[in-house]
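Enquirer: So that you have it, the file is work-v3.cif, and it contains mmCIF, C-alpha atoms:
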```cif
data_data
#
loop_
_atom_site.label_atom_id
_atom_site.label_comp_id
_atom_site.auth_asym_id
_atom_site.auth_seq_id
_atom_site.Cartn_x
_atom_site.Cartn_y
_atom_site.Cartn_z
CA MET A 18 -15.55 -22.42 7.51
CA PRO A 19 -14.93 -20.41 4.36
CA LYS A 20 -16.10 -21.88 1.11
CA LYS A 21 -13.53 -23.65 -1.00
CA LYS A 22 -12.53 -21.92 -4.22
CA THR A 23 -13.57 -23.65 -7.36
CA GLY A 24 -11.21 -24.27 -10.25
CA ALA A 25 -12.84 -21.59 -12.40
CA ARG A 26 -12.50 -19.01 -9.64
CA LYS A 27 -8.81 -19.84 -9.12
CA LYS A 28 -8.17 -19.51 -12.85
CA ALA A 29 -9.97 -16.16 -12.95
CA GLU A 30 -7.97 -14.79 -10.00
CA ASN A 31 -4.68 -15.96 -11.53
CA ARG A 32 -5.64 -14.38 -14.86
CA ARG A 33 -6.46 -11.06 -13.20
CA GLU A 34 -3.14 -11.14 -11.33
CA ARG A 35 -1.20 -11.79 -14.56
CA GLU A 36 -3.03 -8.98 -16.35
CA LYS A 37 -2.23 -6.65 -13.48
CA GLN A 38 1.46 -7.54 -13.68
CA ILE A 39 1.47 -7.08 -17.45
CA ARG A 40 -0.10 -3.62 -17.15
CA ALA A 41 2.43 -2.65 -14.50
CA SER A 42 5.38 -3.94 -16.55
CA ARG A 43 4.37 -2.03 -19.68
CA ALA A 44 5.43 1.24 -18.11
CA ASN A 45 8.72 -0.22 -16.82
CA ILE A 46 10.30 -1.87 -19.85
CA ASP A 47 13.94 -2.75 -19.52
CA LEU A 48 16.11 -0.37 -21.51
CA ALA A 49 18.01 -3.21 -23.17
CA LYS A 50 14.75 -4.82 -24.36
CA HIS A 51 13.22 -1.70 -25.87
CA PRO A 52 12.90 -1.86 -29.69
CA CYS A 53 14.66 1.49 -30.22
CA ASN A 54 17.70 0.10 -28.36
CA ALA A 55 17.73 -3.33 -30.01
CA SER A 56 20.84 -4.80 -31.58
CA MET A 57 21.09 -4.47 -35.36
CA GLU A 58 23.53 -5.79 -37.96
CA CYS A 59 24.18 -3.71 -41.07
CA ASP A 60 23.32 -5.31 -44.40
CA LYS A 61 26.46 -4.03 -46.15
CA CYS A 62 29.30 -3.67 -43.63
CA GLN A 63 28.04 -6.47 -41.31
CA ARG A 64 28.79 -4.45 -38.17
CA ARG A 65 26.78 -4.76 -34.98
CA GLN A 66 25.24 -1.57 -33.64
CA LYS A 67 22.12 -0.03 -32.17
CA ASN A 68 18.87 -0.02 -34.11
CA ARG A 69 18.91 3.09 -36.32
CA ALA A 70 17.66 4.35 -39.65
CA PHE A 71 21.06 4.60 -41.29
CA CYS A 72 24.18 2.61 -40.54
CA TYR A 73 26.51 4.50 -38.23
CA PHE A 74 29.61 3.31 -40.09
CA CYS A 75 28.68 3.24 -43.81
CA ASN A 76 25.43 5.32 -43.79
CA SER A 77 23.53 2.68 -45.79
CA VAL A 78 19.74 2.27 -45.49
CA GLN A 79 18.63 -1.06 -44.07
CA LYS A 80 16.40 -3.35 -46.12
CA LEU A 81 14.14 -4.33 -43.21
CA PRO A 82 13.72 -1.34 -40.87
CA ILE A 83 12.52 -2.04 -37.34
CA CYS A 84 9.98 0.22 -35.70
CA ALA A 85 11.39 1.97 -32.64
CA GLN A 86 8.08 1.79 -30.78
CA CYS A 87 6.44 -1.57 -31.53
CA GLY A 88 9.45 -3.42 -32.94
CA LYS A 89 7.77 -4.84 -36.04
CA THR A 90 9.35 -5.18 -39.49
CA LYS A 91 6.14 -5.82 -41.46
CA CYS A 92 2.81 -4.02 -41.19
CA MET A 93 -0.05 -6.54 -41.47
CA MET A 94 -2.81 -4.38 -40.01
CA LYS A 95 -6.01 -3.84 -41.94
CA SER A 96 -7.63 -1.48 -39.47
CA SER A 97 -7.74 2.32 -39.51
CA ASP A 98 -4.69 2.70 -37.22
CA CYS A 99 -2.30 3.03 -40.17
CA VAL A 100 -1.86 6.53 -41.53
CA ILE A 101 -1.27 5.11 -45.01
CA LYS A 102 -4.11 2.88 -46.20
CA HIS A 103 -2.99 -0.48 -47.58
CA ALA A 104 -6.04 -2.70 -47.36
CA GLY A 105 -5.23 -6.30 -48.22
CA VAL A 106 -1.52 -5.54 -48.82
CA TYR A 107 1.32 -6.15 -46.39
CA SER A 108 3.86 -3.31 -46.30
CA THR A 109 7.55 -3.89 -45.66
CA GLY A 110 10.72 -1.84 -45.99
CA LEU A 111 10.40 1.90 -46.50
CA ALA A 112 6.70 1.49 -47.31
CA MET A 113 6.15 0.77 -43.62
CA VAL A 114 8.15 3.80 -42.42
CA GLY A 115 6.39 6.92 -41.23
CA ALA A 116 9.09 8.98 -39.49
CA ILE A 117 12.57 9.01 -37.93
CA CYS A 118 12.94 9.65 -34.22
CA ASP A 119 15.04 12.69 -33.36
CA PHE A 120 16.34 11.09 -30.16
CA CYS A 121 17.08 7.42 -30.86
CA GLU A 122 17.85 7.77 -34.60
CA ALA A 123 15.54 4.86 -35.50
CA TRP A 124 12.60 4.36 -37.85
CA VAL A 125 9.00 4.69 -36.63
CA CYS A 126 6.28 2.81 -38.50
CA HIS A 127 3.24 4.52 -40.04
CA GLY A 128 0.93 3.41 -37.26
CA ARG A 129 -0.97 6.31 -35.73
CA LYS A 130 -0.25 5.19 -32.17
CA CYS A 131 3.50 4.82 -32.78
CA LEU A 132 3.78 8.16 -34.56
CA SER A 133 1.89 10.04 -31.85
CA THR A 134 3.42 8.45 -28.76
CA HIS A 135 7.04 7.49 -29.51
CA ALA A 136 8.46 11.02 -29.66
CA CYS A 137 7.00 11.78 -26.23
CA ILE A 138 7.96 8.58 -24.41
CA CYS A 139 11.23 7.75 -26.16
CA PRO A 140 13.49 6.24 -23.46
CA LEU A 141 16.60 7.63 -25.18
CA ALA A 142 15.40 11.25 -25.23
CA ASP A 143 18.16 12.42 -22.88
CA ALA A 144 20.44 9.38 -23.20
CA GLU A 145 23.86 10.95 -22.68
CA CYS A 146 26.62 8.79 -21.30
CA ILE A 147 27.59 9.84 -17.79
CA GLU A 148 31.24 8.95 -18.43
CA CYS A 149 32.14 10.15 -21.94
CA GLU A 150 29.19 12.59 -22.35
CA ARG A 151 28.29 11.25 -25.80
CA SER A 152 24.72 11.05 -27.10
CA VAL A 153 23.16 8.39 -29.33
CA TRP A 154 24.20 10.21 -32.50
CA ASP A 155 27.88 10.31 -31.47
CA HIS A 156 28.62 6.59 -31.13
CA GLY A 157 27.47 3.38 -32.77
CA GLY A 158 26.81 1.28 -29.66
CA ARG A 159 23.73 0.61 -27.63
CA ILE A 160 22.65 2.52 -24.52
CA PHE A 161 22.59 0.90 -21.09
CA ALA A 162 21.58 2.01 -17.61
CA CYS A 163 23.77 1.59 -14.55
CA SER A 164 22.41 -0.96 -12.09
CA PHE A 165 23.27 1.26 -9.11
CA CYS A 166 22.89 4.95 -10.01
CA HIS A 167 20.58 4.35 -13.02
CA ASN A 168 22.47 6.81 -15.23
CA PHE A 169 22.89 6.26 -18.95
CA LEU A 170 26.04 4.50 -20.16
CA CYS A 171 27.39 3.82 -23.61
CA GLU A 172 28.57 0.38 -24.65
CA ASP A 173 32.23 1.33 -24.17
CA ASP A 174 32.00 2.55 -20.56
CA GLN A 175 29.34 0.33 -19.00
CA PHE A 176 31.64 -2.21 -17.35
CA GLU A 177 34.23 0.27 -16.11
CA HIS A 178 31.56 2.54 -14.62
CA GLN A 179 29.65 -0.20 -12.84
CA ALA A 180 32.85 -1.60 -11.41
CA SER A 181 33.54 1.68 -9.59
CA CYS A 182 29.99 2.94 -9.01
CA GLN A 183 29.72 1.56 -5.48
CA VAL A 184 32.57 3.69 -4.15
CA LEU A 185 31.67 6.52 -1.78
CA GLU A 186 33.24 9.95 -2.00
CA ALA A 187 33.84 9.99 1.75
CA GLU A 188 36.46 8.08 3.65
CA THR A 189 33.96 6.57 6.11
CA PHE A 190 30.32 5.45 6.13
CA LYS A 191 29.28 8.29 8.43
CA CYS A 192 26.43 10.66 7.62
CA VAL A 193 27.40 13.79 5.71
CA SER A 194 25.51 15.99 8.18
CA CYS A 195 26.41 14.40 11.48
CA ASN A 196 28.82 11.93 13.04
CA ARG A 197 26.44 8.97 13.12
CA LEU A 198 26.64 5.96 10.84
CA GLY A 199 24.63 6.40 7.63
CA GLN A 200 22.00 3.72 7.08
CA HIS A 201 20.85 5.05 3.67
CA SER A 202 23.19 5.46 0.70
CA CYS A 203 22.60 7.49 -2.45
CA LEU A 204 24.54 6.02 -5.38
CA ARG A 205 24.24 9.20 -7.43
CA CYS A 206 25.61 11.57 -4.81
CA LYS A 207 27.93 8.84 -3.42
CA ALA A 208 27.02 9.80 0.15
CA CYS A 209 25.43 8.24 3.22
CA PHE A 210 22.63 9.65 5.36
CA CYS A 211 21.25 8.71 8.74
CA ASP A 212 17.55 8.25 9.52
CA ASP A 213 17.09 11.87 10.57
CA HIS A 214 18.96 13.64 7.77
CA VAL A 215 17.55 11.46 4.96
CA ARG A 216 14.17 13.14 5.41
CA SER A 217 13.58 15.88 2.89
CA LYS A 218 10.97 18.62 2.60
CA VAL A 219 11.45 18.92 -1.16
CA PHE A 220 11.21 15.27 -2.25
CA LYS A 221 8.32 13.24 -0.87
CA GLN A 222 8.64 9.61 0.07
CA GLU A 223 6.30 7.12 -1.60
CA LYS A 224 4.74 4.29 0.34
CA GLY A 225 6.59 1.02 0.17
CA LYS A 226 9.79 2.59 -1.20
CA GLU A 227 13.02 3.79 0.28
CA PRO A 228 13.27 7.51 1.17
CA PRO A 229 14.65 9.74 -1.62
CA CYS A 230 18.01 11.45 -1.43
CA PRO A 231 17.69 14.96 0.12
CA LYS A 232 20.17 16.32 -2.46
CA CYS A 233 19.19 14.85 -5.84
CA GLY A 234 15.91 13.05 -5.15
CA HIS A 235 17.22 9.67 -6.32
CA GLU A 236 15.91 6.67 -4.40
CA THR A 237 18.32 5.60 -1.68
CA GLN A 238 19.22 2.06 -0.69
CA GLN A 239 20.15 0.41 2.55
CA THR A 240 23.90 0.56 3.09
CA LYS A 241 23.94 -2.90 4.67
CA ASP A 242 22.40 -4.39 1.49
CA LEU A 243 25.16 -2.98 -0.72
CA SER A 244 28.81 -3.88 -1.10
CA MET A 245 29.79 -0.26 -0.67
CA SER A 246 33.42 0.77 -0.31
CA THR A 247 34.99 4.07 0.64
CA ARG A 248 37.38 6.19 -1.37
CA SER A 249 40.92 4.87 -1.46
CA LEU A 250 43.81 7.28 -1.00
CA LYS A 251 46.24 6.78 -3.86
CA PHE A 252 49.39 8.58 -4.97
CA GLY A 253 49.80 10.28 -1.60
CA ARG A 254 46.73 12.48 -1.88
CA GLN A 255 46.39 12.63 1.90
CA THR A 256 49.60 14.69 2.14
CA GLY A 257 49.05 18.31 1.22
CA GLY A 258 46.00 17.74 -0.99
CA GLU A 259 44.39 21.11 -0.29
CA ASP A 260 47.43 23.39 -0.33
CA ALA A 261 49.21 21.77 -3.24
CA ASP A 262 48.67 22.79 -6.83
CA GLY A 263 47.21 20.43 -9.39
CA ALA A 264 44.39 17.89 -9.14
CA SER A 265 43.91 16.79 -5.52
CA GLY A 266 47.53 17.16 -4.55
CA TYR A 267 49.06 15.05 -7.29
CA ASP A 268 51.53 17.83 -8.08
CA ALA A 269 52.89 17.70 -4.54
CA TYR A 270 53.24 13.95 -4.81
CA TRP A 271 55.25 14.17 -8.03
CA LYS A 272 57.40 16.97 -6.57
CA SER A 273 58.15 14.91 -3.48
CA LEU A 274 58.84 11.91 -5.67
CA SER A 275 61.27 13.88 -7.84
CA SER A 276 62.99 15.32 -4.76
CA SER A 277 63.34 11.85 -3.27
CA LYS A 278 64.81 10.62 -6.55
CA ALA A 279 67.25 13.55 -6.55
CA ALA A 280 68.23 12.76 -2.95
CA ASP A 281 68.78 9.13 -3.89
CA ALA A 282 70.89 10.21 -6.84
CA GLY A 283 72.95 12.48 -4.53
CA ASP A 284 73.44 9.63 -2.08
CA ARG A 285 74.56 7.41 -4.91
CA GLU A 286 77.03 10.06 -6.08
CA ASP A 287 78.43 10.33 -2.54
CA GLU A 288 78.78 6.57 -2.38
CA TYR A 289 80.47 6.60 -5.76
CA ASP A 290 82.90 9.29 -4.56
CA GLU A 291 83.68 7.20 -1.49
CA TYR A 292 84.32 4.18 -3.68
CA GLU A 293 86.60 6.26 -5.90
CA ALA A 294 88.50 7.50 -2.85
CA GLU A 295 88.95 3.92 -1.64
CA ASP A 296 90.18 2.89 -5.08
CA ASP A 297 92.67 5.77 -5.08
CA ASP A 298 93.93 4.68 -1.67
CA GLU A 299 94.36 1.15 -2.95
CA ASP A 300 96.24 2.46 -6.01
CA ASP A 301 98.48 4.52 -3.74
CA ASN A 302 99.17 1.46 -1.63
CA ASP A 303 100.06 -0.49 -4.76
CA GLU A 304 102.46 2.23 -5.89
CA GLY A 305 104.02 2.34 -2.42
CA GLY A 306 104.56 -1.42 -2.61
CA LYS A 307 106.31 -1.08 -5.95
CA GLU A 308 108.61 1.65 -4.54
CA SER A 309 109.48 -0.55 -1.57
CA ASP A 310 110.38 -3.38 -3.94
CA THR A 311 112.76 -1.10 -5.89
CA GLU A 312 114.36 0.04 -2.64
CA THR A 313 115.02 -3.55 -1.57
CA THR A 314 116.52 -4.36 -4.98
CA ASP A 315 118.84 -1.33 -4.68
CA VAL A 316 120.04 -2.58 -1.29
CA PHE A 317 120.88 -6.09 -2.55
CA SER A 318 122.44 -4.79 -5.76
CA ASN A 319 125.55 -3.57 -3.85
CA LEU A 320 126.31 -7.05 -2.53
CA ASN A 321 129.25 -9.00 -4.14
CA LEU A 322 128.40 -12.66 -4.55
CA GLY A 323 131.51 -13.51 -6.58
CA ARG A 324 131.70 -15.02 -10.02
CA THR A 325 128.61 -17.01 -10.91
CA TYR A 326 127.31 -18.76 -13.95
CA ALA A 327 124.83 -16.03 -14.48
CA SER A 328 127.59 -13.41 -14.60
CA GLY A 329 129.03 -14.99 -17.75
CA TYR A 330 131.44 -17.64 -16.55
CA ALA A 331 130.95 -21.14 -17.85
CA HIS A 332 132.77 -22.86 -15.04
CA TYR A 333 131.95 -22.49 -11.37
CA GLU A 334 135.50 -22.59 -10.10
CA GLU A 335 137.45 -19.40 -9.87
CA PRO A 336 140.97 -19.35 -11.38
CA GLU A 337 143.80 -19.29 -8.92
CA ASP A 338 145.86 -16.16 -8.83
#
```
Rewrite the structure from the file as structure tokens, please.
Expert:
Amino acid sequence: MPKKKTGARKKAENRREREKQIRASRANIDLAKHPCNASMECDKCQRRQKNRAFCYFCNSVQKLPICAQCGKTKCMMKSSDCVIKHAGVYSTGLAMVGAICDFCEAWVCHGRKCLSTHACICPLADAECIECERSVWDHGGRIFACSFCHNFLCEDDQFEHQASCQVLEAETFKCVSCNRLGQHSCLRCKACFCDDHVRSKVFKQEKGKEPPCPKCGHETQQTKDLSMSTRSLKFGRQTGGEDADGASGYDAYWKSLSSSKAADAGDREDEYDEYEAEDDDEDDNDEGGKESDTETTDVFSNLNLGRTYASGYAHYEEPED
């Protein structure tokens, strides 16, 4: 029988496990929780934006700058880590600032570790939105990462992109290299691969992870675990998409639509002409009826009904000759 673990041993093992998880999570900090991507409110214009040295809207300097690496607003260290010596004095504001990051546009404190490491490991070094192609310096919002393809997104396009990111470029879930069903999906290339064609000689597969995409090297995911959908054919793109001019056959669609409208208009004109012809026939019939009435009146006008009251005589009896 194995010996029972004592309480001290259990505590020590739990502590070592927590320290291991903390060390592993330091390298994988969520982009939204990083200090250089924190939310900031301007002191003057009161607008919400990303943490930066100067306000994006009014260019005013903030009273309490936040370090882009460690996230502190007050330097209370008394050790030799600070480049500027301030023994016994707490430094705040611009007295704490040591540099401005060229990538994330935020302040970096005068700590030696922050100054030497932030420029190399800045998570927003190549943060260009995949949709609008704007960098951090071109918009005032925060930077986010797509949950599926892990590309950078600005605050304006994050919801629209993620809503359509799980749509494949193909019309079926078949592998791009063969006719079999693709078990692995790459959300950057928007393509599926089978077990044979997902293997790549360029990108190596790590243990315990999904195989990388043979095209871009991005980690693939199981298609059955995703709510993937195929490309939907809209605006008649399936008719003459390759031969027609314009983007994916849209020009042919609009031409066919205009021709159908013209045909409908021609049919309407023909119907209108038919209606006019019917109206003319009815008018002719009415005129013919009027002529027949005049003919009947001419026939009865020759009849002699004798002297009547209507002819001007006051009495009905005729005088005797």
Enquirer: With distances taken over only C-alpha atoms, which of A:Gly225, A:Gly234, A:Pro140, A:Pro52 is nearest to A:Ala162?
Expert: A:Pro140
Enquirer: For atom CA of A:Val100 and atom CA of A:Lys80, determine how far apart the two atoms are, in Å to one decimal place.
Expert: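 Computed distance, atom CA of A:Val100 to atom CA of A:Lys80, equals 21.3 Å.
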Enquirer: Check what the PyMOL selection byres ((chain A and resi 231) around 12) selects in the file above and give those residues as a ChimeraX atom specification.
Expert: /A:193-194,201-203,205-206,208-222,228-230,232-237
Enquirer: Can you turn the PyMOL selection byres ((chain A and resi 166) around 6) into a concrete residue list for this file, as a count of residues only?
Expert: 6
Enquirer: If you count all atoms listed in the file, which residues fall within 12 Å of A:Glu177, apart from same-chain ones fewer than 5 positions away, as a list in words?
Expert: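 Skipping anything fewer than 5 positions along the chain leaves Ile147, Glu148, Cys149, Cys163, Leu170, Cys171, Glu172, Cys182 and Gln183 of chain A.
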Enquirer: Show me, as a PyMOL selection string, the residues that have an atom within 9 Å of A:Cys87 when counting all atoms listed in the file, minus same-chain residues fewer than 5 positions from it.
Expert: chain A and resi 51-53+125-126+131
Enquirer: Considering all atoms listed in the file, state which residue in the set A:Asp173, A:Phe74, A:Lys224, A:Arg69 is at the smallest distance from A:Ala116.
Expert: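 Among the listed residues, A:Arg69 lies closest to A:Ala116.
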Enquirer: Closest to A:Ile138 among A:Ile46, A:Ala112, A:Leu185, A:Cys62, using all atoms listed in the file?
Expert: A:Ile46
Enquirer: How far is it from atom CA of A:Gln63 to atom CA of A:Gly128, in Å with one decimal?
Expert: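 Value for the atom CA of A:Gln63-atom CA of A:Gly128 distance: 29.1 Å.
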Enquirer: Using all atoms listed in the file, find the one residue out of A:Lys20, A:Lys67, A:Lys207, A:Arg129 that sits nearest to A:Trp154.
Expert: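 Once distances to A:Trp154 are computed over all atoms listed in the file, the minimum belongs to A:Lys67.
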Enquirer: Taking all atoms of stretch 222-233 of chain A that appear in the file, build a box with edges along x, y and z, extend it by 3 Å on every side, and state its centre and edge lengths in Å to one decimal, as AutoDock Vina command-line options.
Expert:
```
--center_x 12.5 --center_y 8.7 --center_z -2.3 --size_x 21.4 --size_y 21.3 --size_z 13.0
```
Enquirer: Between atom CA of A:Ser152 and atom CA of A:Lys50, measure the distance and give it in Å to one decimal.
Expert: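 Taking atom CA of A:Ser152 as the start and atom CA of A:Lys50 as the end point, the length is 18.9 Å.
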